[in-house]
Amino acid sequence: MKVTAGKLALFIIAGIMSIVVLAIGALLIFFPADKIKTLVASEGSKALGRTVTIDKVQFSLFPFIGATIKGLEVDGTSRESFSKEKFVTLDKIQVQIALMSLFNKKPEITKIILDQPHILIEIDTAGHFSFDDLAVMQSSDTPKKEKKDSGPLVLPVPVTLQKFAINNGVIIYRDMKSKQEFSVNDLDQSVQFSIDKELKDIKTSGELILGSVSVKTKEIVKPLKNLKISLTHDMAADLVNGTATVNQLRLSFQKLFFNLKGNVTNLNATPVVDLNLESDPLQISDILKEIPVELAPDVAKLTASGAAAITLAIKGEVRDSVPLPINGTCKLDNVNIKYTALSKSINNLNALCDFTDTSVSISTMKFNLGENPVGLHASFINFKNPYVDLGILAKLNLTDFKDIFVLPPGAALTGTANIDINAKGRPDPNDPSKLDLKGIVNFGDLSVLWPPLVKPAVIKGDVTLSSIAIGQNLDVTIGGSALKLNGTMKNYLSMVFPVKGKTLPRPYTEFTLAASMLNIDEFWPQSKDTTTAAPGAAGSADVPL
């Protein structure tokens, strides 16, 4: 019988495989599963300083070398200040390695699966963690030898993990000191990665889902339940050259989604980041739903619609105690907000905001307050010593704001006010006039009925604003009476920007009041206690003053 080179190679490989299988089989004969279970539990107990129990251990040889551990439990701490619950429980853990990958010198871990892990972390009222007394947490008295720099880290062989999964995991964090509890009752994770021998080509991708998240704090007495958080990633790294690339990092919280992309360089020295964060269109109604009513009770009085979008660029060196430079935008699109305490809602709100780590600028904001149009722009540059550029333009029907102004019984306010105010400069408490303030408020048929006025006062005219003074130029009519008021108040900004320990110029007011006609009866009601003169007496006619 003629034997070819190919057949000879197959015979040799089959022979090697048979030897490996026989060797593993012999190992299992001399070290049966029960003996290995006892050994693992004993060594685990010794390493942790806690009792470790295992229900069952199983092995497989072909086509995968694998092990399965069932019913793993680690006892909790014995200290009285903690609960008596288990520290860790695990229904099953499976590990499999492709047998043929060992011969190719490229180990391929086909799967590592953890089924129903349960982890409990507690902090007692004194601030101690429940795992403080683990043996592995204790410091060793043996002096540590200094490690010599042996050059860049290199793996003996490349490693591939096809699947690392956690199924139906539970994590509970309980802080008895601050009365907080955070729990994840349905944790699912799936990850795969590959690592080359030189650590120049590391790739990882996967998804982490935290389902049925519950949060309870001292302020949030009624726990927030059924929250969902997910994280999907696709990343690559080169540890030799110190670079990492984020192809995709997608974070979701309930119905809010954010995407991160970019890269990080110079990981082996001072890292430099160049990352971009962008949100999916965010529905304002969804954002309001995620704000706990216990922390913001007024949220229950709000209803809203419309969308928002956020972009954020992070670029620069990562240094200790130095904030990362950021640059971002926030956009509001056709937002409507209704507050139950107010009769008028905010409609058609559109805005564009740019911000950095040191400044914020609202280039445009327009909305209607009921039927009243309002426009706004504002910028604050350098938060530590801000330069302000602020402007507001509005046309208001004051009747629509009767629910905002608290008026005494019997009082009423109607009319219109057109507002145009601009402020630019650097507010300086030592010199308030450095803030260039210009503005005018024009009143059109402003009618004020205020007890004890018999008839309402109708006001027309302007109130002007500057960094120096507030001026009034008003015409007032009350019934048949006509008055004209002109006045100024100077140095009023010294009340707005007071300086501790320093006396600023005192406010100074002057005004002139001219009246072509005054009817006191329309100003002040007649007294009900006026005594009627005796009949026939001089001046007995009922003539009011």
# chains A, B, ... in the order shown; residues from 1 in each chain; ligands from 1
call {"tool": "select_by_dssp", "arguments": {"residues": "segment 93-219 of chain A", "states": "helix (DSSP H, G or I)", "output": "PyMOL selection string"}}
result
chain A and resi 99-103+135-137
call {"tool": "select_by_dssp", "arguments": {"residues": "segment 448-525 of chain A", "states": "strand (DSSP E)", "output": "PyMOL selection string"}}
result
chain A and resi 448-449+457-466+469-478+481-490+508-517
call {"tool": "write_last_selection", "arguments": {"atoms": "N, CA and C atoms", "output": "compact mmCIF listing (two decimals), in the first residue's frame"}}
result
# COMPACT_ATOMS: atom_id res chain seq x y z
N VAL A 448 -54.25 100.73 35.17
CA VAL A 448 -54.01 100.17 36.50
C VAL A 448 -55.15 100.60 37.41
N LEU A 449 -55.90 99.62 37.91
CA LEU A 449 -56.91 99.91 38.92
C LEU A 449 -56.38 99.38 40.23
N ALA A 457 -56.06 104.21 36.57
CA ALA A 457 -55.06 105.12 36.01
C ALA A 457 -54.61 104.55 34.67
N VAL A 458 -54.70 105.39 33.63
CA VAL A 458 -54.27 104.98 32.29
C VAL A 458 -52.93 105.65 32.00
N ILE A 459 -51.92 104.82 31.71
CA ILE A 459 -50.55 105.31 31.56
C ILE A 459 -50.07 105.09 30.14
N LYS A 460 -49.49 106.14 29.56
CA LYS A 460 -48.83 106.05 28.27
C LYS A 460 -47.46 106.68 28.41
N GLY A 461 -46.51 106.16 27.60
CA GLY A 461 -45.18 106.74 27.65
C GLY A 461 -44.09 105.69 27.72
N ASP A 462 -42.89 106.15 28.07
CA ASP A 462 -41.72 105.29 28.04
C ASP A 462 -40.98 105.31 29.38
N VAL A 463 -40.34 104.17 29.66
CA VAL A 463 -39.34 104.08 30.71
C VAL A 463 -38.04 103.68 30.04
N THR A 464 -37.00 104.49 30.17
CA THR A 464 -35.73 104.23 29.52
C THR A 464 -34.71 103.73 30.53
N LEU A 465 -33.80 102.89 30.05
CA LEU A 465 -32.76 102.33 30.90
C LEU A 465 -31.39 102.64 30.30
N SER A 466 -30.44 102.95 31.15
CA SER A 466 -29.05 103.08 30.75
C SER A 466 -28.20 102.64 31.95
N ALA A 469 -28.74 105.72 34.48
CA ALA A 469 -30.00 106.11 35.13
C ALA A 469 -31.18 105.38 34.51
N ILE A 470 -32.28 105.41 35.26
CA ILE A 470 -33.59 104.99 34.78
C ILE A 470 -34.43 106.26 34.61
N GLY A 471 -35.02 106.40 33.43
CA GLY A 471 -35.81 107.60 33.18
C GLY A 471 -37.26 107.26 32.92
N GLN A 472 -38.15 108.19 33.32
CA GLN A 472 -39.57 108.01 33.07
C GLN A 472 -40.11 109.24 32.34
N ASN A 473 -40.91 108.98 31.34
CA ASN A 473 -41.61 110.05 30.61
C ASN A 473 -43.02 109.53 30.36
N LEU A 474 -43.91 109.81 31.33
CA LEU A 474 -45.21 109.16 31.34
C LEU A 474 -46.34 110.19 31.40
N ASP A 475 -47.41 109.88 30.68
CA ASP A 475 -48.66 110.64 30.77
C ASP A 475 -49.68 109.77 31.47
N VAL A 476 -50.31 110.33 32.52
CA VAL A 476 -51.24 109.57 33.34
C VAL A 476 -52.57 110.30 33.36
N THR A 477 -53.65 109.55 33.09
CA THR A 477 -55.00 110.11 33.22
C THR A 477 -55.79 109.22 34.17
N ILE A 478 -56.51 109.88 35.09
CA ILE A 478 -57.39 109.18 36.02
C ILE A 478 -58.75 109.87 35.93
N SER A 481 -58.80 113.63 35.33
CA SER A 481 -57.53 114.21 35.76
C SER A 481 -56.42 113.82 34.79
N ALA A 482 -55.49 114.77 34.57
CA ALA A 482 -54.36 114.52 33.66
C ALA A 482 -53.08 114.93 34.36
N LEU A 483 -52.09 114.01 34.36
CA LEU A 483 -50.81 114.26 35.00
C LEU A 483 -49.69 113.91 34.03
N LYS A 484 -48.55 114.60 34.19
CA LYS A 484 -47.37 114.29 33.39
C LYS A 484 -46.21 114.11 34.35
N LEU A 485 -45.51 112.93 34.23
CA LEU A 485 -44.42 112.61 35.15
C LEU A 485 -43.14 112.45 34.35
N ASN A 486 -42.16 113.21 34.72
CA ASN A 486 -40.81 113.07 34.17
C ASN A 486 -39.85 112.90 35.34
N GLY A 487 -38.98 111.88 35.25
CA GLY A 487 -38.07 111.66 36.37
C GLY A 487 -36.90 110.77 35.98
N THR A 488 -35.89 110.76 36.84
CA THR A 488 -34.72 109.92 36.64
C THR A 488 -34.26 109.38 38.00
N MET A 489 -33.67 108.19 37.95
CA MET A 489 -32.99 107.64 39.12
C MET A 489 -31.57 107.30 38.68
N LYS A 490 -30.59 107.96 39.27
CA LYS A 490 -29.20 107.77 38.91
C LYS A 490 -28.51 106.85 39.92
N TYR A 508 -29.71 108.41 43.34
CA TYR A 508 -30.21 109.78 43.39
C TYR A 508 -31.43 109.88 42.47
N THR A 509 -32.53 110.41 43.00
CA THR A 509 -33.78 110.47 42.25
C THR A 509 -34.28 111.92 42.18
N GLU A 510 -34.75 112.27 41.00
CA GLU A 510 -35.42 113.56 40.85
C GLU A 510 -36.57 113.38 39.86
N PHE A 511 -37.66 114.11 40.09
CA PHE A 511 -38.79 114.01 39.18
C PHE A 511 -39.60 115.29 39.24
N THR A 512 -40.36 115.50 38.18
CA THR A 512 -41.31 116.61 38.13
C THR A 512 -42.68 116.05 37.81
N LEU A 513 -43.69 116.58 38.48
CA LEU A 513 -45.06 116.14 38.28
C LEU A 513 -45.91 117.38 37.98
N ALA A 514 -46.51 117.36 36.82
CA ALA A 514 -47.36 118.49 36.42
C ALA A 514 -48.76 117.98 36.15
N ALA A 515 -49.78 118.75 36.62
CA ALA A 515 -51.16 118.33 36.44
C ALA A 515 -51.98 119.51 35.93
N SER A 516 -52.59 119.32 34.78
CA SER A 516 -53.45 120.37 34.24
C SER A 516 -54.84 120.30 34.85
N MET A 517 -55.20 119.17 35.42
CA MET A 517 -56.53 119.02 36.00
C MET A 517 -56.46 117.89 37.02
call {"tool": "closest_residue", "arguments": {"among": "A:Leu260, A:His128, A:Pro107, A:Thr245", "to": "Ile195 of chain A", "atoms": "only C-alpha atoms"}}
result
A:Pro107
call {"tool": "closest_atom_pairs", "arguments": {"of": "segment 276-364 of chain A", "to": "segment 383-407 of chain A", "cutoff": "8 Å", "atoms": "only C-alpha atoms", "output": "CSV"}}
result
residue,atom,partner,partner_atom,distance
A:Ala341,CA,A:Asp403,CA,8.0
A:Leu342,CA,A:Asp403,CA,6.2
A:Ser343,CA,A:Asp403,CA,6.8
A:Lys344,CA,A:Asp400,CA,7.0
A:Thr358,CA,A:Phe383,CA,5.7
A:Ser359,CA,A:Phe383,CA,6.2
call {"tool": "atom_distance", "arguments": {"atom1": "atom CA of Leu435 of chain A", "atom2": "atom CA of Pro325 of chain A"}}
result
28.4 Å
call {"tool": "atom_distance", "arguments": {"atom1": "atom CA of Phe64 of chain A", "atom2": "atom CA of Leu161 of chain A"}}
result
13.7 Å
call {"tool": "residues_around", "arguments": {"residues": "Ser285 of chain A", "least_positions_apart": "4", "cutoff": "7 Å", "atoms": "only C-alpha atoms", "output": "ChimeraX atom specification"}}
result
/A:289,304-305
call {"tool": "closest_residue", "arguments": {"among": "A:Ile93, A:Ile287, A:Leu120, A:Ala308", "to": "Gly66 of chain A", "atoms": "only C-alpha atoms"}}
result
A:Ile93
call {"tool": "residues_around", "arguments": {"residues": "Lys338 of chain A", "least_positions_apart": "5", "cutoff": "7 Å", "atoms": "only C-alpha atoms", "output": "list in words"}}
result
Leu302, Thr303, Ala304, Ser345 and Ile346 of chain A
call {"tool": "residues_around", "arguments": {"residues": "Gly415 of chain A", "least_positions_apart": "4", "cutoff": "6 Å", "atoms": "only C-alpha atoms", "output": "list in words"}}
result
Leu398, Asp445, Leu446 and Ser447 of chain A
call {"tool": "write_last_selection", "arguments": {"atoms": "C-alpha atoms", "output": "PDB file, in the first residue's frame"}}
result
ATOM      1  CA  LEU A 398     -50.339  92.479  30.197  1.00  0.00           C
ATOM      2  CA  ASP A 445     -52.815 102.355  27.277  1.00  0.00           C
ATOM      3  CA  LEU A 446     -51.555 100.687  30.449  1.00  0.00           C
ATOM      4  CA  SER A 447     -54.567 100.671  32.758  1.00  0.00           C
TER       5      SER A 447
END
call {"tool": "decode", "arguments": {"residues": "segment 229-243 of chain A", "atoms": "N, CA, C and O atoms", "output": "tab-separated table (two decimals), in the first residue's frame"}}
result
chain	number	residue	atom	x	y	z
A	229	ILE	N	-30.84	50.84	30.86
A	229	ILE	CA	-29.63	51.48	30.36
A	229	ILE	C	-28.90	50.46	29.48
A	229	ILE	O	-28.78	49.30	29.84
A	230	SER	N	-28.43	50.90	28.32
A	230	SER	CA	-27.69	50.00	27.45
A	230	SER	C	-26.46	50.69	26.90
A	230	SER	O	-26.43	51.92	26.77
A	231	LEU	N	-25.44	49.89	26.60
A	231	LEU	CA	-24.18	50.41	26.06
A	231	LEU	C	-23.68	49.45	24.99
A	231	LEU	O	-23.44	48.27	25.27
A	232	THR	N	-23.54	49.95	23.77
A	232	THR	CA	-23.01	49.17	22.66
A	232	THR	C	-21.66	49.77	22.26
A	232	THR	O	-21.54	51.00	22.16
A	233	HIS	N	-20.65	48.91	22.02
A	233	HIS	CA	-19.34	49.44	21.70
A	233	HIS	C	-18.69	48.66	20.56
A	233	HIS	O	-18.95	47.47	20.35
A	234	ASP	N	-17.83	49.35	19.82
A	234	ASP	CA	-16.98	48.78	18.79
A	234	ASP	C	-15.70	49.59	18.82
A	234	ASP	O	-15.66	50.74	18.35
A	235	MET	N	-14.62	49.00	19.36
A	235	MET	CA	-13.40	49.75	19.61
A	235	MET	C	-12.17	48.95	19.19
A	235	MET	O	-12.22	47.72	19.09
A	236	ALA	N	-11.08	49.67	18.95
A	236	ALA	CA	-9.81	49.05	18.60
A	236	ALA	C	-8.69	49.81	19.32
A	236	ALA	O	-8.83	50.99	19.65
A	237	ALA	N	-7.57	49.10	19.59
A	237	ALA	CA	-6.48	49.73	20.32
A	237	ALA	C	-5.14	49.16	19.86
A	237	ALA	O	-5.04	48.01	19.41
A	238	ASP	N	-4.11	49.99	19.98
A	238	ASP	CA	-2.73	49.61	19.74
A	238	ASP	C	-1.94	50.07	20.97
A	238	ASP	O	-1.61	51.25	21.10
A	239	LEU	N	-1.67	49.12	21.88
A	239	LEU	CA	-1.03	49.49	23.14
A	239	LEU	C	0.45	49.82	22.97
A	239	LEU	O	1.03	50.52	23.80
A	240	VAL	N	1.05	49.35	21.92
A	240	VAL	CA	2.47	49.65	21.69
A	240	VAL	C	2.63	51.11	21.31
A	240	VAL	O	3.47	51.83	21.85
A	241	ASN	N	1.83	51.57	20.37
A	241	ASN	CA	1.90	52.96	19.93
A	241	ASN	C	1.00	53.89	20.74
A	241	ASN	O	0.98	55.10	20.52
A	242	GLY	N	0.22	53.31	21.67
A	242	GLY	CA	-0.60	54.12	22.57
A	242	GLY	C	-1.75	54.81	21.90
A	242	GLY	O	-1.98	56.02	22.12
A	243	THR	N	-2.50	54.09	21.08
A	243	THR	CA	-3.66	54.68	20.41
A	243	THR	C	-4.89	53.82	20.63
A	243	THR	O	-4.80	52.60	20.81
